[in-house]
Structure formats: structure tokens, C-alpha cells
Amino acid sequence: MKSIGIWGWVATAILFVLLLLAPQLAPRLHLALTICTDVLLFAIAAMAVNLLLGYTGVLPFGNAAFFGLGAYGAGLSIQNFHVGFITSLAIGTLAGVVGALLIGPFLLRRRGIYFALLMIAFGQVFYFIAYRFTNVTGGEDGMNFTRPALEGFGIHLQDAGFYYAILLIFTLVVAGFWLLVRSPFGRTLVAIKQNEVRARYLGLNTDRFIFVALLISAAIEGLAGACYGLSIMFAYPLLLDWHQSGDIVLMTILGGAGTIFGPLVGAIIYVIGEDILSTALPWWQIPLGALFVACVLGFPKGLLGTALDLLPGRKNRIEPGHDLDFAAPIIADRETTR
Amino acid sequence: MSDLLLEAKGVGKHFGGVHAVEDVSLRVHAGSINAIIGPNGAGKTTFFNTLSGFYFPDAGHVSFIGVDVTRAPSYDRVRMGMGRTFQTSSVFPELTVYENLAVGIQSADNLSFRFRTLSRAQRATLDQKVDRLLGFVGLGAVAHRPLAELAHGSQRLCEIAMSLSTDPKLVLLDEPMAGLAQAETSRVVSVIRKLHAELGLTVLFVEHNMRVVLSLAQQITVLDRGRVLAAGTPAEISANAEVREAYIGKEVIEHV
């Protein structure tokens, strides 16, 4: 893996300065601060997708199951046990992990498009559970709850305070992600993405690696969902739905799967694009859809991935997000074992 | 003869109604170079795949270092000391040569599940092991180039080095010379000789190139239509009338 170099660090620093100044800058751009918060929330969710899609080579098309579980985990724990801010986020994260523990063993039996379809199907199970268990989840109407006070300080984070809390979480996730994809585990995931058969013939039980990647992804996704629940103080079944999954996958691919900040770029374009376009056009999804099609056909590395390639001295840069292999072969020995 | 390393007994594998391999047995002794030859469609690669765990056989048994591995997953066989290459080079195309080798070395050193970057000492050990493999196959000059940018022969050499990265006792090479130019072939042949002579490894390979097989192998198994036609030393195989008629052109043998 090539290091990002001095300009990469400069660009990252500028990015974080802008994110720090967002509460001051947003009103001048006629953006609500909640939109900026949403950008960060969905950037975290898209990073969870990126770990699987961009670095492991599996297609998490039912990822919103973990996102929604995070929102419900936070909401239910606040409503029933009156937990604090951080605890509710921790419970939301845990809810995502538990979801992955339940469905992971089934997903791992397949690869490629079949993995994606299985994940959508299992994701819909959670959707219908939330939809049907009206007395617990409020069913179709969803459930309201209040944003609890921050443990130890007794303050209720609002507006800029809440934004900075989410920015802190985003920063921690980025740092952790950056370390993870550079670790032997992260590099092994990239190897599995490129050639799973070869990885097995290097003595690696690839199922185990993909399972752990799924658990980490679900934790990040659950955390993002919990943050979203606290942001809107509401949880509803559509958060678990496959449409929600599709939006998050779209952000990841748009920004650039296999790059650290691609998900943030995708989330900025999607969330702000939706905010601006949806007030102006009733058919706002069409231009976003067109951009997505252009991306998949013309820039499979996404906007950030393509932009990085255009930088001088990066001609031969090859990143793990290079190809989106939607029909990866299924391992032969799996076929005969099971 | 020395210790038995790999043994296949009565192995059979069919795909639907096609019996690709039927009742094939093979014994590979430690420290030997063995070849499997046969015409196209003889079941060489299928048999090879049952030995390495890519397929599980429908009949028969495979044992490796005295352990029955008939239905053991590929990664367990690798951990027991079996390395393999594929007919079409199987590598990580977008990773550099260094990284390709590092994946296997970290696997063998039980570092693949490490979530933090390597310590300075671990990094130094890894560098040292990668350098040794690079030197062995002569790819030091391209260590930091992605595999996709390299010539076919270099990719093949890298794949052989990858099969060594997990510290094997036995190396299975599936048509290591397939698709290589003359100069590349002789380079791969010399590497295989070094595997045996310098590292003391046991080698089993599938090959079409008769000249290579007769000059390299100590034991040869001839497959034809999924069955063993003959087995023996190069001299015995060259002299076998059945083999000569079924597979090997007379002139080839006279040339060697």
C-alpha cells in the first residue's frame, strides 16, 4: 500500500478544519446544521459498507439491518432503561453486532451476488420484526424517544454540541479504520477480495476473516444507526429496509469504495444533493441516479478514487476498490463440502 | 525408500455422469520429485485438485504425513505443509510482489489476525523472509511492483514463491511451464530443481512438456482417461510400450 504522502496529510488536515468550522459555515451556505450531522452519520455508515465492499469484496446489500438495529437499540434502551448518551450508543453498536452474529453464519455460505441476495433477505426479516412487534417498536408508526443527557456531565447535547459529538465519533472511526486497513488483518482482507482461492491456499480460513470483517462492519453500522436515532430522536422500520441499504451502498460507490474518505465524499454528495434537489424537484432521485450510473460505468473507483488517480505521480496507483466484482466465483471446495 | 509423505488410494471423482478420475493411486516419498503426465482430459488436474483439497473425491482416500486429509479443507492442508500453484497463475494481481509474499508469511507466522500494524521487530523478520523468497526465485528487482504489471513468467515465479511462503514440506505444481516462453521455462525448471536440491522439498507436478518431465522427475505416473496407465522411473516410462503407443510420440523419447 502506498503511503498518502505529505499532500494527503495536508488535504486531510484541511478537511477536518472544514468539518470543525461547519457550524459556522453551514448557515452561509444555506444548509441546516442537521444536514451536516447527517452527512457525518451516513459517512460512518458508508465506511461500514466500504470495509466489506471496498476491502473484503463481499456485497453488503442488506447493511441497513445493522443501521436500523443500532437506531432501535439506542431508542429502546433509552425508552425502557433511561440510559445515558454514550450507553445508548454502545447498546446500538452492540445491537448491530448481535444482528451480524445471528445472520453471519448463513451469509458466509455464499459469495458474490448470492451473498448480497441472502443479506437483503435476512435484512428484511428484521424489517418485518420491527413492523409487526407493534407493542415494543411502535410498528409502522415508529417510536419517539428523547436524546438523553451525556453521562457524567448531565448536559443535553444539542445543535452544535451534538454535531461536535458526532464529529468526534466520525474522527475516531476514521482513525480506527485507517489503522485497521493497514494492519495484517486489513491487508489479508484485501488479498481475500482479490483472490479468495489463493488466500485459502496460503492457509487462511477465509470464512473466519470475512465473518470478523462483517462483525466490525456491523458494529460501525450499528453505531451510525444509533447516532442517527439520537439525531432524529425517532426509530422506524424503514431504517432497516433494503432501500436504506441501497442508499448507503450508493454513497459508498459514488464516493469511492476502497478509499478512506470515499464514503464521506459520497455522503456529502448524496445527503446535500438530496437536501437541495428534493426542495426544488419532485423527481430529485433521477439526477442522483444518473450520477450513480455514470459512476459505475465510467468511474468504477468512485469520485474520490478517480480523482486520486488523476494526481501527478499516481498513474500506476492500484487500490483495492479498483473493480466491483458483482459475480465473484463461489469457492469450489465449499460447493462439495456443503 | 524414504518416508511416505503423500498417499492417494483408489481416488475417484466424477462430475455428473463424467468419470474424470477413477481408482487412481499414488505414493509420494519425502525428498523426491514426482510428475503426473497424460494427454488432455486424462484427469491430471482433477486428480491434483483432490490431492490439494480443491475438490473432495467421491471415492478413495488421501493421506498426508500419515493423516487422512480426504475431506480436510484446503487451508488445513496448507497448514500441515502442503503448498500449491495453479495452471493459470493464481496471485493477488493488484498487490505488489512483496505484499503477495507477505500474505502467506503472515499466515504461516499466525500474524494475519493482527489488528495493529507490525512491530519493528516483526517488520524486520517479515522483510528478511520476503527477501529470502525473492532471492530464491530472482524477483528482487520487481519487489514493489503490482503483479498485474509483470510478465507471465514472473507471475509464475511469484506464485511458486507464494507456495513456499507458508513453509511447506510438499509443493504441488499444476503445469508450472504452461504458457511460458522458452527462456522463462528454463528459469522455472531451475527453480524447481533448487526447490529439491537446496530446500530439500518434495515436489509433485503435472506437466505436458515431455522433455521437462523426463529430465526433472524421479517418479512418473501416467494417467489416461482417468486411470493410471503406468507408473515408474523415467527409464521405465520411456521403455513402456503401452505408454509409447497411448501418449508419447516415439520421436520425443528418442530425442531426449
# chains A, B, ... in the order shown; residues from 1 in each chain; ligands from 1
>>> interface_residues(of="chain B", to="chain A", cutoff="7 Å", atoms="only C-alpha atoms", output="CSV table (one decimal) with C-alpha atoms, in the first residue's frame")
chain,number,residue,atom,x,y,z
B,53,GLY,CA,-8.4,-30.2,-1.4
B,54,PHE,CA,-9.8,-28.0,-4.2
B,55,TYR,CA,-12.3,-30.9,-4.7
B,56,PHE,CA,-13.1,-33.7,-2.4
B,74,SER,CA,-7.5,-26.6,1.6
B,75,TYR,CA,-6.3,-24.2,4.3
B,76,ASP,CA,-5.8,-27.1,6.8
B,78,VAL,CA,-1.6,-25.9,3.7
B,79,ARG,CA,-1.1,-25.5,7.5
B,83,GLY,CA,1.7,-25.7,-1.0
B,84,ARG,CA,0.3,-25.5,-4.4
B,90,SER,CA,-3.3,-17.6,-9.0
B,91,VAL,CA,-2.0,-14.5,-7.3
B,92,PHE,CA,-3.2,-11.2,-5.9
B,94,GLU,CA,-3.2,-5.6,-7.5
B,103,VAL,CA,0.2,-12.5,3.0
B,104,GLY,CA,1.5,-16.1,3.1
B,107,SER,CA,-0.4,-16.6,7.6
B,111,LEU,CA,0.0,-12.8,12.3
B,112,SER,CA,-2.9,-12.5,9.8
B,113,PHE,CA,-5.4,-11.8,12.6
B,114,ARG,CA,-3.4,-8.9,14.0
B,115,PHE,CA,-5.4,-5.7,14.0
B,116,ARG,CA,-2.5,-3.4,14.6
B,117,THR,CA,0.5,-2.7,12.3
B,166,THR,CA,3.8,-21.0,4.1
>>> residues_around(residues="Leu229 in chain B", least_positions_apart="2", cutoff="10 Å", atoms="only C-alpha atoms", output="PDB file with N, CA and C atoms, in the first residue's frame")
ATOM      1  N   VAL B  24      -7.531 -44.028  -8.903  1.00  0.00           N
ATOM      2  CA  VAL B  24      -6.135 -43.615  -9.081  1.00  0.00           C
ATOM      3  C   VAL B  24      -5.413 -43.665  -7.740  1.00  0.00           C
ATOM      4  N   GLY B  38       0.020 -37.134 -18.917  1.00  0.00           N
ATOM      5  CA  GLY B  38      -1.120 -37.745 -19.586  1.00  0.00           C
ATOM      6  C   GLY B  38      -1.665 -36.793 -20.621  1.00  0.00           C
ATOM      7  N   THR B 221       3.915 -40.814 -12.988  1.00  0.00           N
ATOM      8  CA  THR B 221       2.649 -41.543 -13.075  1.00  0.00           C
ATOM      9  C   THR B 221       1.960 -41.080 -14.354  1.00  0.00           C
ATOM     10  N   VAL B 222       1.590 -42.041 -15.204  1.00  0.00           N
ATOM     11  CA  VAL B 222       0.924 -41.683 -16.451  1.00  0.00           C
ATOM     12  C   VAL B 222      -0.567 -41.933 -16.300  1.00  0.00           C
ATOM     13  N   LEU B 223      -1.374 -40.897 -16.520  1.00  0.00           N
ATOM     14  CA  LEU B 223      -2.831 -41.058 -16.494  1.00  0.00           C
ATOM     15  C   LEU B 223      -3.356 -41.072 -17.921  1.00  0.00           C
ATOM     16  N   ASP B 224      -4.387 -41.895 -18.143  1.00  0.00           N
ATOM     17  CA  ASP B 224      -5.063 -41.867 -19.432  1.00  0.00           C
ATOM     18  C   ASP B 224      -6.532 -42.167 -19.179  1.00  0.00           C
ATOM     19  N   ARG B 225      -7.386 -41.341 -19.683  1.00  0.00           N
ATOM     20  CA  ARG B 225      -8.834 -41.461 -19.483  1.00  0.00           C
ATOM     21  C   ARG B 225      -9.201 -41.723 -18.023  1.00  0.00           C
ATOM     22  N   GLY B 226      -8.601 -40.949 -17.133  1.00  0.00           N
ATOM     23  CA  GLY B 226      -8.970 -41.014 -15.725  1.00  0.00           C
ATOM     24  C   GLY B 226      -8.355 -42.163 -14.943  1.00  0.00           C
ATOM     25  N   ARG B 227      -7.546 -43.001 -15.592  1.00  0.00           N
ATOM     26  CA  ARG B 227      -6.959 -44.146 -14.881  1.00  0.00           C
ATOM     27  C   ARG B 227      -5.439 -44.119 -14.989  1.00  0.00           C
ATOM     28  N   ALA B 231       3.262 -46.431 -14.036  1.00  0.00           N
ATOM     29  CA  ALA B 231       3.978 -45.629 -13.054  1.00  0.00           C
ATOM     30  C   ALA B 231       5.384 -46.183 -12.936  1.00  0.00           C
ATOM     31  N   ASN B 240       8.153 -48.166 -21.706  1.00  0.00           N
ATOM     32  CA  ASN B 240       6.843 -48.816 -21.651  1.00  0.00           C
ATOM     33  C   ASN B 240       6.108 -48.677 -22.995  1.00  0.00           C
ATOM     34  N   GLU B 242       3.119 -49.543 -23.886  1.00  0.00           N
ATOM     35  CA  GLU B 242       1.745 -49.044 -23.779  1.00  0.00           C
ATOM     36  C   GLU B 242       1.721 -47.515 -23.736  1.00  0.00           C
ATOM     37  N   VAL B 243       2.630 -46.966 -22.931  1.00  0.00           N
ATOM     38  CA  VAL B 243       2.708 -45.515 -22.802  1.00  0.00           C
ATOM     39  C   VAL B 243       3.106 -44.902 -24.134  1.00  0.00           C
ATOM     40  N   ALA B 246       0.059 -45.040 -26.364  1.00  0.00           N
ATOM     41  CA  ALA B 246      -1.095 -44.257 -25.932  1.00  0.00           C
ATOM     42  C   ALA B 246      -0.812 -42.763 -25.938  1.00  0.00           C
ATOM     43  N   TYR B 247       0.378 -42.398 -25.615  1.00  0.00           N
ATOM     44  CA  TYR B 247       0.561 -40.981 -25.343  1.00  0.00           C
ATOM     45  C   TYR B 247       1.812 -40.374 -25.966  1.00  0.00           C
TER      46      TYR B 247
END
>>> atom_distance(atom1="CA of Asp3 in chain B", atom2="CA of His29 in chain B")
5.5 Å
>>> residues_around(residues="Leu167 in chain A", least_positions_apart="4", cutoff="12 Å", atoms="only C-alpha atoms", output="MDAnalysis selection string")
chainID A and resid 15:23 36:44 160:163 171:174 224 227 264
>>> write_last_selection(atoms="N, CA and C atoms", output="compact mmCIF listing (two decimals), in the first residue's frame")
# COMPACT_ATOMS: atom_id res chain seq x y z
N LEU A 15 -9.55 19.15 5.41
CA LEU A 15 -10.87 18.55 5.53
C LEU A 15 -11.39 18.66 6.96
N PHE A 16 -10.53 18.33 7.93
CA PHE A 16 -11.00 18.34 9.32
C PHE A 16 -11.21 19.77 9.83
N VAL A 17 -10.42 20.72 9.32
CA VAL A 17 -10.68 22.12 9.69
C VAL A 17 -12.06 22.53 9.20
N LEU A 18 -12.37 22.17 7.94
CA LEU A 18 -13.69 22.49 7.39
C LEU A 18 -14.80 21.84 8.21
N LEU A 19 -14.58 20.56 8.60
CA LEU A 19 -15.60 19.88 9.39
C LEU A 19 -15.76 20.55 10.75
N LEU A 20 -14.66 21.04 11.32
CA LEU A 20 -14.73 21.73 12.61
C LEU A 20 -15.48 23.06 12.50
N LEU A 21 -15.33 23.70 11.34
CA LEU A 21 -15.96 25.01 11.15
C LEU A 21 -17.39 24.92 10.61
N ALA A 22 -17.84 23.68 10.34
CA ALA A 22 -19.16 23.51 9.70
C ALA A 22 -20.28 24.27 10.40
N PRO A 23 -20.36 24.27 11.75
CA PRO A 23 -21.47 25.01 12.38
C PRO A 23 -21.46 26.49 12.04
N CYS A 36 -25.47 18.72 8.03
CA CYS A 36 -24.05 18.41 8.24
C CYS A 36 -23.90 17.20 9.16
N THR A 37 -24.75 17.13 10.20
CA THR A 37 -24.72 15.98 11.10
C THR A 37 -25.06 14.71 10.32
N ASP A 38 -26.10 14.80 9.48
CA ASP A 38 -26.49 13.64 8.67
C ASP A 38 -25.35 13.18 7.76
N VAL A 39 -24.64 14.15 7.18
CA VAL A 39 -23.51 13.78 6.30
C VAL A 39 -22.53 12.90 7.07
N LEU A 40 -22.18 13.32 8.30
CA LEU A 40 -21.21 12.55 9.08
C LEU A 40 -21.76 11.18 9.45
N LEU A 41 -23.05 11.14 9.85
CA LEU A 41 -23.69 9.88 10.23
C LEU A 41 -23.65 8.89 9.08
N PHE A 42 -24.05 9.37 7.90
CA PHE A 42 -24.09 8.46 6.77
C PHE A 42 -22.69 8.14 6.26
N ALA A 43 -21.75 9.07 6.48
CA ALA A 43 -20.36 8.75 6.13
C ALA A 43 -19.87 7.59 6.99
N ILE A 44 -20.24 7.58 8.28
CA ILE A 44 -19.85 6.46 9.15
C ILE A 44 -20.49 5.18 8.65
N ALA A 160 -24.98 22.50 17.75
CA ALA A 160 -23.55 22.40 17.51
C ALA A 160 -22.90 21.38 18.45
N GLY A 161 -23.39 21.31 19.69
CA GLY A 161 -22.84 20.35 20.64
C GLY A 161 -23.00 18.93 20.14
N PHE A 162 -24.19 18.63 19.64
CA PHE A 162 -24.45 17.29 19.10
C PHE A 162 -23.60 17.04 17.86
N TYR A 163 -23.50 18.07 16.99
CA TYR A 163 -22.68 17.94 15.79
C TYR A 163 -21.25 17.58 16.15
N THR A 171 -14.38 10.99 13.65
CA THR A 171 -12.92 11.03 13.65
C THR A 171 -12.33 9.75 14.21
N LEU A 172 -12.93 9.26 15.31
CA LEU A 172 -12.44 8.02 15.91
C LEU A 172 -12.60 6.85 14.94
N VAL A 173 -13.76 6.81 14.24
CA VAL A 173 -14.00 5.71 13.29
C VAL A 173 -12.99 5.79 12.14
N VAL A 174 -12.75 7.01 11.62
CA VAL A 174 -11.78 7.16 10.53
C VAL A 174 -10.40 6.68 10.98
N ALA A 224 -23.49 4.01 13.70
CA ALA A 224 -24.03 5.07 12.84
C ALA A 224 -25.55 5.15 13.01
N CYS A 227 -26.43 6.74 16.30
CA CYS A 227 -26.24 8.19 16.20
C CYS A 227 -27.41 8.83 15.45
N LEU A 264 -17.18 9.47 2.83
CA LEU A 264 -17.54 10.84 3.23
C LEU A 264 -17.93 11.65 2.00
>>> atom_distance(atom1="CA of Arg28 in chain A", atom2="CA of Ile166 in chain A")
21.2 Å
>>> residues_around(residues="range 139-156 of chain B", least_positions_apart="2", cutoff="10 Å", atoms="only C-alpha atoms", output="VMD selection string")
(chain A and resid 1 to 2 316 to 318) or (chain B and resid 85 to 101 130 to 137 158 to 162 176 to 181 183 to 185 187 to 188)
>>> write_last_selection(atoms="C-alpha atoms", output="tab-separated table (two decimals), in the first residue's frame")
chain	number	residue	atom	x	y	z
A	1	MET	CA	0.00	0.00	0.00
A	2	LYS	CA	1.35	3.37	-0.99
A	316	ASN	CA	0.13	3.33	-11.56
A	317	ARG	CA	-1.75	3.53	-8.36
A	318	ILE	CA	-3.81	0.43	-7.84
B	85	THR	CA	0.27	-23.46	-7.63
B	86	PHE	CA	-2.39	-23.39	-10.32
B	87	GLN	CA	-2.38	-23.96	-14.06
B	88	THR	CA	-3.33	-20.32	-14.62
B	89	SER	CA	-1.28	-18.29	-12.15
B	90	SER	CA	-3.32	-17.59	-9.04
B	91	VAL	CA	-1.96	-14.48	-7.34
B	92	PHE	CA	-3.20	-11.19	-5.87
B	93	PRO	CA	-2.93	-9.12	-9.06
B	94	GLU	CA	-3.22	-5.63	-7.54
B	95	LEU	CA	-0.84	-6.23	-4.65
B	96	THR	CA	2.92	-5.90	-5.06
B	97	VAL	CA	5.22	-8.93	-5.18
B	98	TYR	CA	6.29	-8.05	-1.63
B	99	GLU	CA	2.68	-7.96	-0.40
B	100	ASN	CA	1.79	-11.19	-2.21
B	101	LEU	CA	4.55	-12.96	-0.31
B	130	VAL	CA	10.37	-11.87	1.89
B	131	ASP	CA	13.94	-11.10	0.76
B	132	ARG	CA	14.90	-14.76	1.04
B	133	LEU	CA	11.95	-15.83	-1.14
B	134	LEU	CA	12.60	-13.02	-3.62
B	135	GLY	CA	16.22	-14.09	-3.89
B	136	PHE	CA	15.23	-17.70	-4.33
B	137	VAL	CA	13.08	-17.01	-7.40
B	158	CYS	CA	5.98	-15.24	-7.73
B	159	GLU	CA	3.27	-17.87	-7.40
B	160	ILE	CA	5.90	-20.53	-6.74
B	161	ALA	CA	7.44	-18.25	-4.11
B	162	MET	CA	3.97	-17.79	-2.58
B	176	PRO	CA	4.24	-24.88	-13.98
B	177	MET	CA	5.53	-24.39	-17.54
B	178	ALA	CA	2.11	-23.78	-19.15
B	179	GLY	CA	2.11	-20.80	-21.46
B	180	LEU	CA	5.73	-19.84	-20.80
B	181	ALA	CA	8.33	-18.80	-23.36
B	183	ALA	CA	13.67	-18.69	-21.58
B	184	GLU	CA	11.00	-18.50	-18.87
B	185	THR	CA	10.60	-22.29	-18.93
B	187	ARG	CA	14.12	-20.39	-15.37
B	188	VAL	CA	11.16	-22.18	-13.81
>>> select_by_dssp(residues="range 2-85 of chain B", states="strand (DSSP E or B)", output="ChimeraX atom specification")
/B:4-15,18-29,33-37,59-64,67-68,82-85
>>> select_by_dssp(residues="range 88-236 of chain B", states="helix (DSSP H, G or I)", output="PyMOL selection string")
chain B and resi 97-108+120-137+140-142+147-149+152-165+182-197+210-216+234-236
>>> atom_distance(atom1="CA of Trp283 in chain A", atom2="CA of Ile232 in chain A")
24.4 Å
>>> residues_around(residues="Phe48 in chain B", least_positions_apart="6", cutoff="12 Å", atoms="only C-alpha atoms", output="JSON, numbers by chain")
{"B": [6, 8, 11, 12, 13, 20, 21, 24, 25, 26, 35, 36, 37, 42, 54, 55, 56, 57, 62, 84, 85, 86, 87, 171, 172, 173, 174, 175, 204, 205, 206, 207, 223, 226]}
>>> write_last_selection(atoms="C-alpha atoms", output="mmCIF file, in the first residue's frame")
data_model
loop_
_atom_site.group_PDB
_atom_site.id
_atom_site.type_symbol
_atom_site.label_atom_id
_atom_site.label_comp_id
_atom_site.auth_asym_id
_atom_site.auth_seq_id
_atom_site.Cartn_x
_atom_site.Cartn_y
_atom_site.Cartn_z
ATOM 1 C CA LEU B 6 1.502 -38.189 0.420
ATOM 2 C CA ALA B 8 -3.724 -41.449 -2.619
ATOM 3 C CA VAL B 11 -9.293 -41.930 -5.693
ATOM 4 C CA GLY B 12 -12.361 -41.333 -7.861
ATOM 5 C CA LYS B 13 -14.127 -38.129 -8.872
ATOM 6 C CA ALA B 20 -12.899 -37.625 -14.610
ATOM 7 C CA VAL B 21 -10.763 -39.785 -12.326
ATOM 8 C CA VAL B 24 -6.135 -43.615 -9.081
ATOM 9 C CA SER B 25 -3.441 -44.372 -6.512
ATOM 10 C CA LEU B 26 -0.185 -42.588 -5.978
ATOM 11 C CA ALA B 35 5.397 -35.996 -12.140
ATOM 12 C CA ILE B 36 1.916 -36.739 -13.377
ATOM 13 C CA ILE B 37 1.599 -36.835 -17.153
ATOM 14 C CA ALA B 42 -6.764 -37.578 -18.732
ATOM 15 C CA PHE B 54 -9.847 -28.036 -4.170
ATOM 16 C CA TYR B 55 -12.322 -30.888 -4.731
ATOM 17 C CA PHE B 56 -13.141 -33.708 -2.383
ATOM 18 C CA PRO B 57 -13.034 -37.133 -4.059
ATOM 19 C CA VAL B 62 -5.882 -39.137 0.509
ATOM 20 C CA ARG B 84 0.345 -25.493 -4.440
ATOM 21 C CA THR B 85 0.271 -23.461 -7.626
ATOM 22 C CA PHE B 86 -2.387 -23.385 -10.325
ATOM 23 C CA GLN B 87 -2.383 -23.957 -14.059
ATOM 24 C CA VAL B 171 4.880 -28.482 -3.202
ATOM 25 C CA LEU B 172 2.227 -29.301 -5.801
ATOM 26 C CA LEU B 173 2.762 -27.545 -9.120
ATOM 27 C CA ASP B 174 -0.006 -27.702 -11.712
ATOM 28 C CA GLU B 175 1.585 -27.324 -15.174
ATOM 29 C CA LEU B 204 4.772 -33.240 -7.341
ATOM 30 C CA PHE B 205 3.975 -31.615 -10.650
ATOM 31 C CA VAL B 206 1.640 -32.014 -13.603
ATOM 32 C CA GLU B 207 3.275 -31.296 -16.933
ATOM 33 C CA LEU B 223 -2.831 -41.058 -16.494
ATOM 34 C CA GLY B 226 -8.970 -41.014 -15.725
#
>>> closest_residue(among="B:His19, B:Gly41, B:Asp109, B:Gly31", to="Glu198 in chain B", atoms="only C-alpha atoms")
B:Gly31
>>> closest_residue(among="A:Pro237, A:Gly225, A:Gly62, A:Gly142", to="Leu89 in chain A", atoms="only C-alpha atoms")
A:Gly225
